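Below is input_17.tsv, holding TSV, C-alpha atoms and all ligand atoms.
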```tsv
chain	number	residue	atom	x	y	z
A	943	MET	CA	28.16	25.07	13.51
A	944	THR	CA	29.48	27.67	15.87
A	945	PRO	CA	33.06	29.00	15.52
A	946	GLU	CA	33.87	27.31	18.84
A	947	LEU	CA	32.70	23.95	17.57
A	948	VAL	CA	34.61	24.35	14.32
A	949	ALA	CA	37.76	25.25	16.27
A	950	ARG	CA	37.36	22.26	18.55
A	951	LEU	CA	36.78	19.87	15.66
A	952	THR	CA	39.77	21.31	13.80
A	953	ASP	CA	41.98	20.80	16.87
A	954	GLU	CA	40.73	17.25	17.22
A	955	MET	CA	41.40	16.55	13.56
A	956	ARG	CA	44.94	17.91	13.90
A	957	TYR	CA	45.48	15.65	16.85
A	958	GLU	CA	44.03	12.63	15.04
A	959	TYR	CA	46.22	13.11	12.01
A	960	SER	CA	49.34	13.67	14.05
A	961	ARG	CA	49.19	10.69	16.35
A	962	THR	CA	50.92	7.46	15.37
A	963	ALA	CA	49.47	5.14	17.99
A	964	PRO	CA	46.23	4.74	19.90
A	965	PRO	CA	45.72	7.13	22.79
A	966	ALA	CA	46.87	5.84	26.13
A	967	GLY	CA	44.38	3.41	27.59
A	968	PHE	CA	42.47	3.08	24.36
A	969	PRO	CA	40.48	-0.18	24.48
A	970	ARG	CA	40.85	-2.98	22.00
A	971	PHE	CA	37.58	-3.30	20.10
A	972	PRO	CA	36.26	-6.61	18.83
A	973	ASP	CA	36.02	-7.09	15.09
A	974	ILE	CA	32.68	-6.16	13.57
A	975	PRO	CA	30.78	-9.40	12.98
A	976	VAL	CA	30.97	-10.35	9.33
A	977	GLY	CA	27.18	-10.66	9.31
A	978	ARG	CA	26.92	-6.89	9.40
A	979	PHE	CA	28.26	-6.87	5.85
A	980	VAL	CA	26.79	-10.01	4.32
A	981	SER	CA	23.62	-10.88	6.24
A	982	ASP	CA	20.48	-10.64	4.14
A	983	GLU	CA	18.44	-10.44	7.32
A	984	PHE	CA	20.44	-7.44	8.51
A	985	TRP	CA	20.11	-5.83	5.10
A	986	ASP	CA	16.34	-6.35	5.17
A	987	LEU	CA	16.15	-4.64	8.55
A	988	GLU	CA	18.23	-1.72	7.31
A	989	ARG	CA	16.15	-1.41	4.20
A	990	ARG	CA	12.89	-1.46	6.11
A	991	HIS	CA	13.84	0.88	8.91
A	992	LEU	CA	16.57	3.08	7.46
A	993	TRP	CA	17.13	3.23	3.72
A	994	THR	CA	13.48	3.81	2.85
A	995	LYS	CA	13.43	6.90	5.05
A	996	VAL	CA	16.65	8.78	4.34
A	997	TRP	CA	18.23	10.62	1.43
A	998	VAL	CA	20.55	8.36	-0.52
A	999	ILE	CA	22.96	9.27	-3.32
A	1000	ALA	CA	21.76	7.75	-6.58
A	1001	GLY	CA	24.30	9.29	-8.93
A	1002	ARG	CA	25.78	12.47	-10.31
A	1003	SER	CA	23.94	15.17	-12.17
A	1004	GLU	CA	26.29	14.81	-15.13
A	1005	ASP	CA	25.17	11.20	-15.52
A	1006	ALA	CA	22.10	12.66	-17.26
A	1007	PRO	CA	23.15	16.02	-18.71
A	1008	ASN	CA	20.48	16.53	-21.40
A	1009	PRO	CA	16.69	16.31	-21.61
A	1010	GLY	CA	15.69	12.68	-21.99
A	1011	ASP	CA	18.91	11.32	-20.50
A	1012	PHE	CA	18.30	8.75	-17.81
A	1013	PHE	CA	20.08	6.33	-15.53
A	1014	THR	CA	18.79	3.63	-13.25
A	1015	PHE	CA	19.40	3.11	-9.55
A	1016	ASP	CA	18.65	-0.27	-8.00
A	1017	ASP	CA	20.83	-0.35	-4.90
A	1018	LEU	CA	17.95	0.00	-2.45
A	1019	GLY	CA	16.04	-2.99	-3.77
A	1020	SER	CA	13.35	-0.83	-5.39
A	1021	PRO	CA	14.29	-0.20	-9.03
A	1022	MET	CA	14.27	3.47	-9.96
A	1023	VAL	CA	14.89	5.49	-13.09
A	1024	LEU	CA	16.18	9.05	-12.89
A	1025	VAL	CA	15.43	11.10	-15.96
A	1026	ARG	CA	16.09	14.69	-16.96
A	1027	GLY	CA	12.92	16.36	-18.20
A	1028	ASN	CA	12.48	18.82	-21.00
A	1029	ASP	CA	12.55	21.57	-18.39
A	1030	GLY	CA	16.03	20.50	-17.32
A	1031	GLU	CA	14.89	19.04	-13.99
A	1032	LEU	CA	16.01	15.62	-12.83
A	1033	ARG	CA	13.19	13.46	-11.51
A	1034	ALA	CA	13.00	9.96	-10.13
A	1035	PHE	CA	10.34	7.34	-10.76
A	1036	TYR	CA	10.01	3.73	-9.76
A	1037	ASN	CA	11.10	1.78	-12.81
A	1038	THR	CA	7.86	-0.17	-12.86
A	1039	CYS	CA	5.30	-0.06	-15.64
A	1040	GLN	CA	1.77	0.59	-14.47
A	1041	HIS	CA	0.43	-2.11	-16.78
A	1042	ARG	CA	1.99	-5.32	-15.53
A	1043	GLY	CA	5.02	-4.15	-13.66
A	1044	ALA	CA	7.78	-4.64	-16.21
A	1045	PRO	CA	10.68	-2.16	-16.14
A	1046	VAL	CA	10.04	0.91	-18.26
A	1047	VAL	CA	13.75	1.15	-19.06
A	1048	ARG	CA	16.09	-1.82	-19.23
A	1049	ASP	CA	19.40	-0.11	-19.93
A	1050	ALA	CA	21.41	1.23	-17.01
A	1051	LYS	CA	21.88	4.48	-18.87
A	1052	GLY	CA	20.54	6.07	-22.01
A	1053	SER	CA	18.39	8.74	-23.57
A	1054	ALA	CA	14.76	8.65	-24.63
A	1055	ARG	CA	11.99	11.05	-25.57
A	1056	LEU	CA	9.47	8.80	-23.83
A	1057	LEU	CA	9.89	6.06	-21.25
A	1058	ARG	CA	8.49	3.15	-23.25
A	1059	CYS	CA	7.94	-0.22	-21.63
A	1060	GLN	CA	9.17	-2.99	-23.92
A	1061	TYR	CA	6.54	-5.45	-22.82
A	1062	HIS	CA	3.40	-3.93	-24.36
A	1063	SER	CA	4.76	-0.47	-25.25
A	1064	TRP	CA	2.93	1.65	-22.75
A	1065	SER	CA	4.76	4.98	-22.89
A	1066	TYR	CA	5.32	7.57	-20.20
A	1067	ASP	CA	6.24	11.24	-20.29
A	1068	ILE	CA	9.76	12.10	-19.12
A	1069	ASP	CA	8.58	15.27	-17.37
A	1070	ASP	CA	5.96	13.97	-15.00
A	1071	GLY	CA	5.65	10.25	-15.71
A	1072	HIS	CA	2.10	10.44	-16.97
A	1073	LEU	CA	0.91	7.71	-19.29
A	1074	VAL	CA	1.06	9.11	-22.80
A	1075	SER	CA	0.07	6.24	-25.05
A	1076	VAL	CA	-1.30	2.73	-24.88
A	1077	PRO	CA	-1.36	0.51	-27.98
A	1078	ASP	CA	-4.88	-0.75	-28.71
A	1079	GLU	CA	-6.20	1.55	-26.03
A	1080	ARG	CA	-9.76	0.87	-27.20
A	1081	ASP	CA	-9.51	-2.65	-25.80
A	1082	PHE	CA	-8.73	-1.50	-22.25
A	1083	VAL	CA	-12.23	-1.02	-20.92
A	1084	GLY	CA	-12.33	1.55	-18.13
A	1085	LEU	CA	-8.69	2.54	-18.45
A	1086	VAL	CA	-8.08	5.98	-16.96
A	1087	LYS	CA	-4.65	7.02	-18.13
A	1088	GLU	CA	-4.38	9.72	-15.47
A	1089	GLU	CA	-4.49	6.99	-12.83
A	1090	ARG	CA	-1.61	5.06	-14.39
A	1091	CYS	CA	1.25	7.50	-14.03
A	1092	LEU	CA	4.67	6.24	-13.03
A	1093	ALA	CA	5.05	6.40	-9.27
A	1094	THR	CA	7.42	9.20	-8.28
A	1095	VAL	CA	10.30	9.13	-5.84
A	1096	ARG	CA	11.55	12.26	-4.07
A	1097	CYS	CA	14.62	13.53	-5.89
A	1098	GLU	CA	16.85	16.52	-5.12
A	1099	VAL	CA	20.27	17.59	-6.28
A	1100	TRP	CA	22.96	19.20	-4.15
A	1101	ASP	CA	26.39	20.13	-5.51
A	1102	GLY	CA	25.84	17.78	-8.44
A	1103	TRP	CA	24.95	14.84	-6.22
A	1104	VAL	CA	21.57	13.34	-7.04
A	1105	PHE	CA	19.73	12.13	-3.96
A	1106	VAL	CA	16.54	10.10	-3.75
A	1107	ASN	CA	14.27	9.49	-0.80
A	1108	GLN	CA	11.44	6.98	-0.78
A	1109	ASP	CA	9.67	8.70	2.09
A	1110	PRO	CA	7.16	11.23	0.68
A	1111	GLN	CA	7.13	12.97	4.07
A	1112	ALA	CA	10.91	13.36	4.25
A	1113	VAL	CA	12.30	16.79	5.09
A	1114	PRO	CA	13.96	18.61	2.15
A	1115	LEU	CA	17.48	17.45	1.35
A	1116	LEU	CA	19.25	20.61	2.52
A	1117	GLU	CA	17.42	20.50	5.81
A	1118	TRP	CA	18.43	16.87	6.23
A	1119	LEU	CA	22.06	17.59	5.39
A	1120	GLY	CA	22.02	20.46	7.85
A	1121	PRO	CA	25.46	21.85	8.67
A	1122	VAL	CA	27.17	19.30	6.44
A	1123	ALA	CA	26.07	21.12	3.29
A	1124	ARG	CA	26.88	24.53	4.70
A	1125	GLU	CA	30.33	23.46	5.83
A	1126	LEU	CA	31.13	21.75	2.55
A	1127	ASP	CA	30.05	24.86	0.68
A	1128	ALA	CA	31.84	27.32	2.91
A	1129	PRO	CA	35.22	28.69	1.85
A	1130	PRO	CA	37.87	28.96	3.11
A	1131	ARG	CA	37.46	28.38	6.81
A	1132	CYS	CA	36.71	24.74	6.14
A	1133	ALA	CA	39.57	24.12	3.78
A	1134	PRO	CA	39.43	20.37	4.35
A	1135	TRP	CA	35.93	19.97	3.15
A	1136	PRO	CA	36.25	21.18	-0.45
A	1137	GLY	CA	39.00	18.59	-0.65
A	1138	ALA	CA	36.63	15.98	0.62
A	1139	ALA	CA	34.05	17.01	-1.94
A	1140	ARG	CA	36.61	16.81	-4.70
A	1141	TRP	CA	37.64	13.37	-3.53
A	1142	CYS	CA	34.04	12.25	-3.61
A	1143	ARG	CA	33.54	13.68	-7.09
A	1144	ALA	CA	36.64	11.96	-8.34
A	1145	THR	CA	35.57	8.60	-7.01
A	1146	GLY	CA	31.82	8.90	-7.26
A	1147	ARG	CA	31.43	6.72	-10.30
A	1148	SER	CA	33.47	3.86	-8.97
A	1149	ARG	CA	31.73	4.12	-5.63
A	1150	ARG	CA	28.37	3.70	-7.30
A	1151	ARG	CA	29.44	0.37	-8.65
A	1152	ARG	CA	30.29	-0.96	-5.22
A	1153	SER	CA	27.81	-2.81	-3.09
A	1154	TRP	CA	25.46	-1.03	-0.72
A	1155	ARG	CA	27.59	-2.30	2.11
A	1156	CYS	CA	30.53	-0.27	0.90
A	1157	THR	CA	28.74	2.82	-0.33
A	1158	THR	CA	26.95	3.21	2.95
A	1159	SER	CA	29.81	2.17	5.16
A	1160	GLY	CA	31.18	4.66	7.63
A	1161	THR	CA	34.64	3.61	6.55
A	1162	SER	CA	33.98	5.26	3.20
A	1163	ILE	CA	33.39	8.55	4.94
A	1164	VAL	CA	36.44	8.10	7.11
A	1165	GLY	CA	38.36	7.13	4.01
A	1166	ALA	CA	37.18	10.25	2.23
A	1167	VAL	CA	38.46	12.46	4.99
A	1168	ARG	CA	41.72	10.59	5.37
A	1169	ALA	CA	42.28	10.64	1.62
A	1170	CYS	CA	42.36	14.42	1.64
A	1171	SER	CA	44.40	14.68	4.78
A	1172	THR	CA	46.94	16.90	3.10
A	1173	THR	CA	44.32	19.59	2.74
A	1174	ALA	CA	42.41	18.69	5.86
A	1175	VAL	CA	45.00	19.93	8.29
A	1176	PRO	CA	46.94	22.99	7.25
B	1	LIG	S1	3.97	-4.34	-18.65
B	1	LIG	FE1	4.54	-2.49	-19.53
B	1	LIG	S2	3.30	-2.28	-21.24
B	1	LIG	FE2	2.63	-4.11	-20.33
```
Written as structure tokens, how would this file's structure read?
Amino acid sequence: MTPELVARLTDEMRYEYSRTAPPAGFPRFPDIPVGRFVSDEFWDLERRHLWTKVWVIAGRSEDAPNPGDFFTFDDLGSPMVLVRGNDGELRAFYNTCQHRGAPVVRDAKGSARLLRCQYHSWSYDIDDGHLVSVPDERDFVGLVKEERCLATVRCEVWDGWVFVNQDPQAVPLLEWLGPVARELDAPPRCAPWPGAARWCRATGRSRRRRSWRCTTSGTSIVGAVRACSTTAVP
């Protein structure tokens, strides 16, 4: 963002927070149809054309602080498990066993040295998802373990927020966030934004438990900014 743009946005924010009524001539908008929030058909369209292609917050880094710690993320309709490897990196895999598709972890959160499917105990490495062991492996004619790794999901962390992206061709997270990340990181010119980040941190856990309709709703973002209005406008 240029200094001019920042100044203009700051002026507009001051104006927005100071006014007590709609601007003169402001139109009356119709209510958003309730289907936008509850329609399965609309959700399917979003999932197909939007949520499989963008970075989405799956949790906080501190949800899995130590090697082997994991948590699941199912909000996008494709079950995932995010696990911290022995090298300290967080990675995401589809929570789907490469034997017969059972979940490799069933708890929402936990810690494990291997990701072991409870169905027939195929076990996967926490660092790269490769298939480590198969009970009675001798009976699986033609099994090539290297071809049965857990499928990976793009995963990147920014400011403690863990993002996933199902599109292997997606641009890196920081590139996708663009000026948002820079502005949120920048002191002190953007005094409002550290407040916004703190607000998000403080409420992140409860927000994760809400439905996709709330976590992805623009009103949440507006709410985040309004909630820190005391720091947003000096
Ligand atoms: S489905 Fe996972 S081990 Fe068989």
Residues within 9 Å of ligand LIG 1 (chain B), counting all atoms listed in the file, as a ChimeraX atom specification: /A:1038-1046,1058-1065,1076-1077
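With distances restricted to all atoms listed in the file, A:Asp1101 is the closest residue to A:Arg1124 from A:Asp1101, A:Arg1026, A:Glu983, A:Asn1008.
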Need to verify the contact set: A:Glu1098, 8 Å, all atoms listed in the file, exclusion of same-chain residues closer than 5 positions in sequence. Can you return it as a PyMOL selection string? chain A and resi 1032-1033+1104-1106+1115
Write a file of the selected residues as a compact mmCIF listing (two decimals), keeping the file's coordinate frame, keeping C-alpha atoms.
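That gives us result.txt:
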```
# COMPACT_ATOMS: atom_id res chain seq x y z
CA LEU A 1032 16.01 15.62 -12.83
CA ARG A 1033 13.19 13.46 -11.51
CA VAL A 1104 21.57 13.34 -7.04
CA PHE A 1105 19.73 12.13 -3.96
CA VAL A 1106 16.54 10.10 -3.75
CA LEU A 1115 17.48 17.45 1.35
```
Residue neighbourhood A:Val1095, 7 Å, only C-alpha atoms, exclusion window fewer than 4 positions, as a ChimeraX atom specification: /A:1034-1036,1106-1108
Select, counting all atoms listed in the file, all protein, DNA and RNA residues no farther than 7 Å from (15.7, 4.6, -5.7) in file coordinates, and express the selection as a PyMOL selection string. chain A and resi 1000+1015-1016+1018+1020-1022+1106+1108
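Taking atom CA of A:Gly1052 and atom CA of A:Phe1013 as the two end points, the separation is 6.5 Å.
Nearest-residue note for A:Val1099: choosing from A:Asn1037, A:Thr962, A:Ser1003, A:Ser1053, the minimum distance belongs to A:Ser1003, counting all atoms listed in the file.
Going from atom CA of A:Tyr957 over to atom CA of A:Pro1121, you cover 22.5 Å.
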If we count all atoms listed in the file and set the cut-off at 10 Å, which residues sit around stretch 1109-1112 of chain A, ignoring sequence neighbours fewer than 4 positions away in its own chain? Please answer as a list in words.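 Surrounding residues, per the criterion: Trp993, Thr994, Lys995, Val996, Trp997, Thr1094, Val1095, Arg1096, Glu1117 and Trp1118 of chain A.
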Exercise: A:Gly1071 partners within 7 Å, only C-alpha atoms, chain neighbours under 5 positions left out, as a list in words: Tyr1066, Cys1091 and Leu1092 of chain A
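With all atoms listed in the file taken into account, the protein and nucleic acid residues at most 10 Å from A:Arg1055 (excluding it and anything under 6 positions from it in its own chain) are Pro1009, Gly1010, Asp1011, Gly1027, Asn1028, Ser1065, Tyr1066, Asp1067, Ile1068 and Asp1069 of chain A.
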At what distance in Å, to one decimal, does atom CA of A:Ile999 lie from atom CA of A:Leu1056?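 Here the two named atoms are 24.6 Å from each other.
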Which residues, protein or nucleic acid, reach to within 8 Å of (23.2, 8.8, -14.9) in the file's coordinates when using all atoms listed in the file, and can you give that as a PyMOL selection string? chain A and resi 1001-1006+1011-1014+1024+1051
